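Worksheet for the structure shown next.
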2 protein chains.
Amino acid sequence: MNRKVRYTKMVLRKSLLMLMRNRPINKITVKDLCADADINRGTFYAHYRDPYDLLQQIEAEIQEEIERTLRKRGGSTQPGTVDVVSELFDFIAQQSDLCRVMFSEYGDTEFLRQILFIAHDQCLQDWQQMMPRVPLERLEMIYRFTANGIIGVLQDWMRGDLQESAETVSRLVMQMTYGGLNSFV
Amino acid sequence: MNRKVRYTKMVLRKSLLMLMRNRPINKITVKDLCADADINRGTFYAHYRDPYDLLQQIEAEIQEEIERTLRKRGGSTQPGTVDVVSELFDFIAQQSDLCRVMFSEYGDTEFLRQILFIAHDQCLQDWQQMMPRVPLERLEMIYRFTANGIIGVLQDWMRGDLQESAETVSRLVMQMTYGGLNSFV
DNA sequence: GAAAAAGCCAACACGGTGTTGACTTCTTGA
DNA sequence: TCAAGAAGTCAACACCGTGTTGGCTTTTTC
């Protein structure tokens with residue numbers, strides 16, 4: 001990757017995140033993007049198919065970074081449950097500029113769902129050991145419930161400019177999750 | 001409303017729901033819609049601003065119908081909590097053709113969130129009486145958590161063609177909610 | 001049965017799309 | 001260092017969906 005190519009990609013990335021503060025991805029045209037980035041439209045098409053393609057590449061990088069962060073600490077302890085959530089909250093607090101755009105109002109809601117799915121397998125494995133009597137199907141539903149609950153709280157947290165600490169919020173979320181879960185034991 | 005107008009609106013509505021099975025609203029053009037409905041494009045603009053306007057009118061009708069249903073039974077008992085959820089699940093099971101399109105994959109995710117917000121005020125009032133020691137701010141977060149959890153389970157339920165009964169699913173959801181909630185008392 | 005409402009049709013300018021070819025500028029490696 | 005080639009610029013293009021218009025036909029209403 002040339003310096004030129006790096007510059008082009010960097011500036012397009014920056015412009016997309018900028019424009020996404022004011023409108024959703026489907027209202028952002030290639031023309032807008034290139035005007036803001038001061039890049040020729042033809043150059044855009046040399047790297048990306050459309051604005052959505054660019055967005056997905058940004059998302060892929062974020063996801064990779066989150067997974068890397070989780071693996072770093074999660075290697076020794078259990079990455080399945082509590083750790084994952086509080087790490088995720090920390091990550092968001094640190095990268096709040098980026099995350100506020102990607103996860104909030106005009107962001108890609110499906111992407112957050114995808115992120116929460118990282119912990120799925122490990123989590124279900126843990127739960128099955130905890131409560132072998134509860135059928136797997138039901139545990140899947142419970143996972144869906146908590147994952148979506150966490151997403152909702154996360155979005156609200158970011159909309160409110162991260163007023164509470166990451167620890168406070170992740171504790172509340174964990175209490176809801178395990179409080180609900182224990183009622184099945 | 002003429003018979004002609006009624007026909008036009010009905011057929012456009014039908015076409016939108018049909019097209020939304022295969023792609024999200026932002027990929028549906030006025031042209032597509034009119035071709036499918038066999039309606040002149042000019043006629044569409046006489047009634048709606050764009051496809052999103054048409055979608056919102058459909059959503060408004062659904063919301064009204066849900067609220068009417070809830071008021072009917074909710075008038076005498078407490079509409080705040082359990083009743084609302086199981087009624088909602090029943091409603092979806094009955095209107096599953098419509099709901100599967102509106103709430104699922106290519107539907108408007110924000111709309112479901114709006115639906116769940118109907119119970120917000122009543123629910124928070126109930127919870128405050130139940131647990132006067134928990135600050136309102138925290139109860140708001142808990143509401144956000146459970147509402148989004150329910151949405152997640154609902155979507156999964158519909159994607160899986162409503163295999164479990166409405167009662168089974170709404171019970172599970174309620175157990176998660178109140179199990180989590182009780183851990184705060 | 002006439003007035004008015006609703007719909008049909010063709011045409012229009014507009015704007016974003018995706019691609020092309022000829023060109024300049026930058027980068028890399030022998 | 002300098003030539004090859006990679007990357008970007010620019011102007012132009014046909015294409016397509018948009019939103020609106022005016023003249024016309026059909027349906028509804030009183």
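Residues are named by chain letter and number: chains run A, B, ... in the order of the structure tokens, numbers start at 1 in each chain, and ligands are numbered from 1 in the order shown.
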Interface, chain B side, toward chain D (10 Å; only C-alpha atoms (C1' of nucleotides)) as a list in words: Asn2, Arg3, Lys4, Thr29, Val30, Lys31, Asp32, Arg41, Gly42, Tyr45 and Arg49 of chain B
With the cut-off set at 7 Å and counting only C-alpha atoms, tabulate each residue of chain A with an atom at most that distance from an atom of chain B, showing the nearest atom pair and its distance in Å to one decimal, ordered by chain and increasing number, as CSV.
```
residue,atom,partner,partner_atom,distance
A:Met141,CA,B:Val153,CA,6.2
A:Arg144,CA,B:Gly152,CA,5.9
A:Phe145,CA,B:Gly149,CA,4.0
A:Thr146,CA,B:Gly149,CA,5.7
A:Asn148,CA,B:Gly149,CA,4.8
A:Gly149,CA,B:Phe145,CA,4.0
A:Ile150,CA,B:Phe145,CA,6.2
A:Gly152,CA,B:Asn148,CA,5.5
A:Val153,CA,B:Phe145,CA,5.6
A:Gln175,CA,B:Gly180,CA,6.6
A:Met176,CA,B:Gly180,CA,4.1
A:Thr177,CA,B:Gly180,CA,6.3
A:Tyr178,CA,B:Gly180,CA,6.9
A:Gly179,CA,B:Gly180,CA,4.0
A:Gly180,CA,B:Gly179,CA,4.0
A:Leu181,CA,B:Met176,CA,6.6
A:Ser183,CA,B:Gly179,CA,5.4
```
How would the residues just chosen look if you wrote them out with N, CA and C atoms as a compact mmCIF listing (two decimals), in the first residue's frame?
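That gives us result26.txt:
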```txt
# COMPACT_ATOMS: atom_id res chain seq x y z
N MET A 141 -32.45 -18.67 23.25
CA MET A 141 -33.37 -17.54 23.40
C MET A 141 -32.90 -16.57 24.48
N ARG A 144 -30.10 -14.54 23.15
CA ARG A 144 -30.65 -13.50 22.27
C ARG A 144 -31.20 -12.34 23.11
N PHE A 145 -31.92 -12.69 24.15
CA PHE A 145 -32.51 -11.67 25.03
C PHE A 145 -31.42 -10.77 25.64
N THR A 146 -30.43 -11.39 26.24
CA THR A 146 -29.42 -10.59 26.93
C THR A 146 -28.56 -9.80 25.95
N ASN A 148 -29.33 -8.61 23.05
CA ASN A 148 -30.07 -7.45 22.57
C ASN A 148 -30.30 -6.44 23.69
N GLY A 149 -30.47 -6.93 24.90
CA GLY A 149 -30.60 -6.01 26.03
C GLY A 149 -29.35 -5.18 26.20
N ILE A 150 -28.21 -5.83 26.10
CA ILE A 150 -26.93 -5.12 26.23
C ILE A 150 -26.78 -4.08 25.13
N GLY A 152 -29.07 -2.49 23.58
CA GLY A 152 -29.95 -1.36 23.88
C GLY A 152 -29.35 -0.42 24.91
N VAL A 153 -28.82 -1.00 25.98
CA VAL A 153 -28.22 -0.18 27.03
C VAL A 153 -26.99 0.57 26.50
N GLN A 175 -25.80 -7.81 36.11
CA GLN A 175 -26.75 -8.17 37.18
C GLN A 175 -28.09 -8.58 36.58
N MET A 176 -28.53 -7.84 35.58
CA MET A 176 -29.78 -8.21 34.89
C MET A 176 -29.65 -9.59 34.26
N THR A 177 -28.54 -9.82 33.59
CA THR A 177 -28.34 -11.09 32.89
C THR A 177 -28.36 -12.26 33.87
N TYR A 178 -27.53 -12.18 34.91
CA TYR A 178 -27.41 -13.34 35.80
C TYR A 178 -28.57 -13.44 36.78
N GLY A 179 -29.19 -12.29 37.07
CA GLY A 179 -30.42 -12.35 37.85
C GLY A 179 -31.50 -13.13 37.11
N GLY A 180 -31.66 -12.81 35.84
CA GLY A 180 -32.64 -13.53 35.01
C GLY A 180 -32.27 -14.98 34.86
N LEU A 181 -31.00 -15.21 34.60
CA LEU A 181 -30.51 -16.56 34.37
C LEU A 181 -30.73 -17.46 35.59
N SER A 183 -32.93 -17.41 37.76
CA SER A 183 -34.32 -17.81 37.99
C SER A 183 -34.68 -19.08 37.22
```
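Near Asp97 (chain B), within a cut-off of 12 Å and counting only C-alpha atoms (C1' of nucleotides), sit the residues Lys14, Leu17, Met18, Arg21, Phe91, Phe103, Ser104, Met158, Arg159, Asp161 and Leu162 of chain B, with same-chain residues fewer than 6 positions away left out.
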Please identify every residue of chain C that has at least one atom no farther than 8 Å from an atom of chain A, counting only C-alpha atoms (C1' of nucleotides), and for each give the shortest atom pair and the distance in Å to one decimal, arranged by chain then increasing number, as CSV.
```
residue,atom,partner,partner_atom,distance
C:DG16,C1',A:Lys31,CA,7.5
C:DC26,C1',A:Lys4,CA,7.8
C:DT27,C1',A:Asn2,CA,7.3
```
Go ahead and write the residues just picked, N, CA and C atoms (P, O5', C5', C4', C3', O3' and C1' of nucleotides), as a PDB file, in the first residue's frame.
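Result written to again_35.pdb:
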```pdb
ATOM      1  P    DG C  16     -26.440  15.035  -6.984  1.00  0.00           P
ATOM      2  O5'  DG C  16     -26.139  13.472  -6.976  1.00  0.00           O
ATOM      3  C5'  DG C  16     -27.058  12.590  -6.343  1.00  0.00           C
ATOM      4  C4'  DG C  16     -26.849  11.201  -6.883  1.00  0.00           C
ATOM      5  C3'  DG C  16     -25.389  10.735  -6.860  1.00  0.00           C
ATOM      6  O3'  DG C  16     -25.346   9.421  -6.298  1.00  0.00           O
ATOM      7  C1'  DG C  16     -26.285  10.510  -9.038  1.00  0.00           C
ATOM      8  P    DC C  26       3.259  14.645  -7.353  1.00  0.00           P
ATOM      9  O5'  DC C  26       3.489  13.140  -6.885  1.00  0.00           O
ATOM     10  C5'  DC C  26       2.376  12.415  -6.372  1.00  0.00           C
ATOM     11  C4'  DC C  26       2.741  10.948  -6.321  1.00  0.00           C
ATOM     12  C3'  DC C  26       3.974  10.620  -5.482  1.00  0.00           C
ATOM     13  O3'  DC C  26       3.546   9.709  -4.493  1.00  0.00           O
ATOM     14  C1'  DC C  26       4.052   9.518  -7.588  1.00  0.00           C
ATOM     15  P    DT C  27       4.575   9.241  -3.316  1.00  0.00           P
ATOM     16  O5'  DT C  27       5.072   7.844  -3.883  1.00  0.00           O
ATOM     17  C5'  DT C  27       4.097   6.853  -4.201  1.00  0.00           C
ATOM     18  C4'  DT C  27       4.803   5.607  -4.717  1.00  0.00           C
ATOM     19  C3'  DT C  27       6.001   5.158  -3.901  1.00  0.00           C
ATOM     20  O3'  DT C  27       5.796   3.796  -3.576  1.00  0.00           O
ATOM     21  C1'  DT C  27       6.549   5.256  -6.206  1.00  0.00           C
TER      22       DT C  27
END
```
Alpha helix (DSSP H) positions in chain A, given as a PyMOL selection string: chain A and resi 3-19+30-37+41-47+51-74+82-94+96-103+109-116+120-130+136-159+166-182
Pull C-alpha atoms from the residues just selected and write them as a short mmCIF file (atom, residue, chain, number, x, y, z; two decimals), in the first residue's frame.
```cif
data_model
loop_
_atom_site.label_atom_id
_atom_site.label_comp_id
_atom_site.auth_asym_id
_atom_site.auth_seq_id
_atom_site.Cartn_x
_atom_site.Cartn_y
_atom_site.Cartn_z
CA ARG A 3 1.53 6.40 0.68
CA LYS A 4 -0.93 7.67 -1.92
CA VAL A 5 -3.26 4.74 -1.46
CA ARG A 6 -3.03 5.03 2.30
CA TYR A 7 -3.88 8.70 2.08
CA THR A 8 -6.86 8.08 -0.19
CA LYS A 9 -8.30 5.40 2.07
CA MET A 10 -7.65 7.38 5.23
CA VAL A 11 -9.31 10.51 3.96
CA LEU A 12 -12.33 8.62 2.59
CA ARG A 13 -12.73 6.83 5.89
CA LYS A 14 -12.60 10.11 7.73
CA SER A 15 -15.15 11.68 5.43
CA LEU A 16 -17.58 8.81 5.78
CA LEU A 17 -17.45 8.97 9.57
CA MET A 18 -17.92 12.72 9.37
CA LEU A 19 -20.95 12.49 7.08
CA VAL A 30 -20.30 8.66 -3.64
CA LYS A 31 -20.32 12.21 -4.88
CA ASP A 32 -20.76 13.62 -1.36
CA LEU A 33 -17.95 11.47 -0.09
CA CYS A 34 -15.52 12.51 -2.80
CA ALA A 35 -16.41 16.16 -2.46
CA ASP A 36 -15.73 16.06 1.27
CA ALA A 37 -12.54 14.05 0.86
CA ARG A 41 -14.88 10.06 -8.02
CA GLY A 42 -13.07 7.63 -10.29
CA THR A 43 -10.51 7.08 -7.55
CA PHE A 44 -13.24 6.04 -5.15
CA TYR A 45 -14.41 3.33 -7.52
CA ALA A 46 -10.84 2.08 -7.81
CA HIS A 47 -11.01 1.07 -4.14
CA PRO A 51 -20.25 3.73 0.30
CA TYR A 52 -21.57 0.62 1.98
CA ASP A 53 -18.47 -1.31 0.93
CA LEU A 54 -16.32 1.34 2.58
CA LEU A 55 -18.41 1.14 5.75
CA GLN A 56 -18.03 -2.62 5.92
CA GLN A 57 -14.26 -2.37 5.67
CA ILE A 58 -14.22 0.01 8.60
CA GLU A 59 -16.46 -2.33 10.56
CA ALA A 60 -14.24 -5.29 9.81
CA GLU A 61 -11.25 -3.42 11.24
CA ILE A 62 -13.14 -2.51 14.40
CA GLN A 63 -14.33 -6.06 14.86
CA GLU A 64 -10.82 -7.37 14.42
CA GLU A 65 -9.50 -4.91 16.97
CA ILE A 66 -12.16 -5.89 19.48
CA GLU A 67 -11.43 -9.56 19.00
CA ARG A 68 -7.73 -8.88 19.45
CA THR A 69 -8.42 -6.99 22.67
CA LEU A 70 -10.60 -9.80 23.96
CA ARG A 71 -8.08 -12.50 23.12
CA LYS A 72 -5.34 -10.61 24.90
CA ARG A 73 -6.96 -10.83 28.34
CA GLY A 74 -9.42 -13.59 27.56
CA VAL A 82 -18.36 -11.19 32.43
CA ASP A 83 -14.96 -10.31 31.04
CA VAL A 84 -16.21 -9.98 27.49
CA VAL A 85 -18.87 -7.48 28.40
CA SER A 86 -16.75 -5.26 30.60
CA GLU A 87 -13.92 -5.34 28.04
CA LEU A 88 -16.36 -4.33 25.36
CA PHE A 89 -17.59 -1.44 27.46
CA ASP A 90 -14.01 -0.35 28.09
CA PHE A 91 -13.20 -0.52 24.42
CA ILE A 92 -16.14 1.66 23.55
CA ALA A 93 -15.25 4.17 26.23
CA GLN A 94 -11.73 4.42 24.84
CA SER A 96 -15.79 6.69 21.90
CA ASP A 97 -15.35 9.07 18.96
CA LEU A 98 -15.43 6.22 16.50
CA CYS A 99 -18.00 4.13 18.32
CA ARG A 100 -20.48 6.91 18.81
CA VAL A 101 -20.78 7.20 15.04
CA MET A 102 -20.69 3.51 14.24
CA PHE A 103 -23.08 2.28 16.89
CA THR A 109 -27.40 -1.55 13.96
CA GLU A 110 -26.68 -4.96 12.52
CA PHE A 111 -23.00 -4.48 13.19
CA LEU A 112 -23.40 -4.19 16.95
CA ARG A 113 -25.45 -7.36 16.91
CA GLN A 114 -22.60 -9.05 15.09
CA ILE A 115 -20.14 -7.85 17.72
CA LEU A 116 -22.21 -9.27 20.55
CA HIS A 120 -22.03 -16.61 21.66
CA ASP A 121 -20.36 -20.01 21.50
CA GLN A 122 -18.27 -19.67 24.63
CA CYS A 123 -21.19 -18.24 26.56
CA LEU A 124 -23.61 -21.00 25.67
CA GLN A 125 -21.03 -23.60 26.56
CA ASP A 126 -20.63 -22.04 30.00
CA TRP A 127 -24.36 -21.83 30.54
CA GLN A 128 -24.91 -25.44 29.58
CA GLN A 129 -22.50 -26.49 32.30
CA MET A 130 -24.18 -24.15 34.78
CA LEU A 136 -30.29 -25.66 24.54
CA GLU A 137 -33.08 -24.07 22.54
CA ARG A 138 -34.16 -22.09 25.56
CA LEU A 139 -30.60 -21.01 26.32
CA GLU A 140 -30.34 -19.69 22.78
CA MET A 141 -33.37 -17.54 23.40
CA ILE A 142 -31.93 -16.29 26.64
CA TYR A 143 -28.70 -15.40 24.89
CA ARG A 144 -30.65 -13.50 22.27
CA PHE A 145 -32.51 -11.67 25.03
CA THR A 146 -29.42 -10.59 26.93
CA ALA A 147 -27.35 -9.74 23.85
CA ASN A 148 -30.07 -7.45 22.57
CA GLY A 149 -30.60 -6.01 26.03
CA ILE A 150 -26.93 -5.12 26.23
CA ILE A 151 -27.05 -3.51 22.79
CA GLY A 152 -29.95 -1.36 23.88
CA VAL A 153 -28.22 -0.18 27.03
CA LEU A 154 -25.00 0.45 25.08
CA GLN A 155 -26.76 2.64 22.57
CA ASP A 156 -28.46 4.62 25.28
CA TRP A 157 -25.20 4.96 27.13
CA MET A 158 -23.47 6.41 24.08
CA ARG A 159 -26.36 8.70 23.24
CA ALA A 166 -18.06 1.73 31.87
CA GLU A 167 -17.87 -0.31 35.04
CA THR A 168 -21.20 0.91 36.42
CA VAL A 169 -23.06 0.13 33.23
CA SER A 170 -21.46 -3.24 32.62
CA ARG A 171 -22.24 -4.25 36.22
CA LEU A 172 -25.88 -3.34 35.84
CA VAL A 173 -26.10 -5.28 32.62
CA MET A 174 -24.43 -8.29 34.21
CA GLN A 175 -26.75 -8.17 37.18
CA MET A 176 -29.78 -8.21 34.89
CA THR A 177 -28.34 -11.09 32.89
CA TYR A 178 -27.41 -13.34 35.80
CA GLY A 179 -30.42 -12.35 37.85
CA GLY A 180 -32.64 -13.53 35.01
CA LEU A 181 -30.51 -16.56 34.37
CA ASN A 182 -30.54 -17.73 37.98
#
```
Two-atom distance - C1' of DC8 (chain C), CA of Tyr48 (chain B) (Å): 17.3 Å
Length of the CA of Glu105 (chain A) to CA of Arg23 (chain A) vector [Å]: 8.7 Å
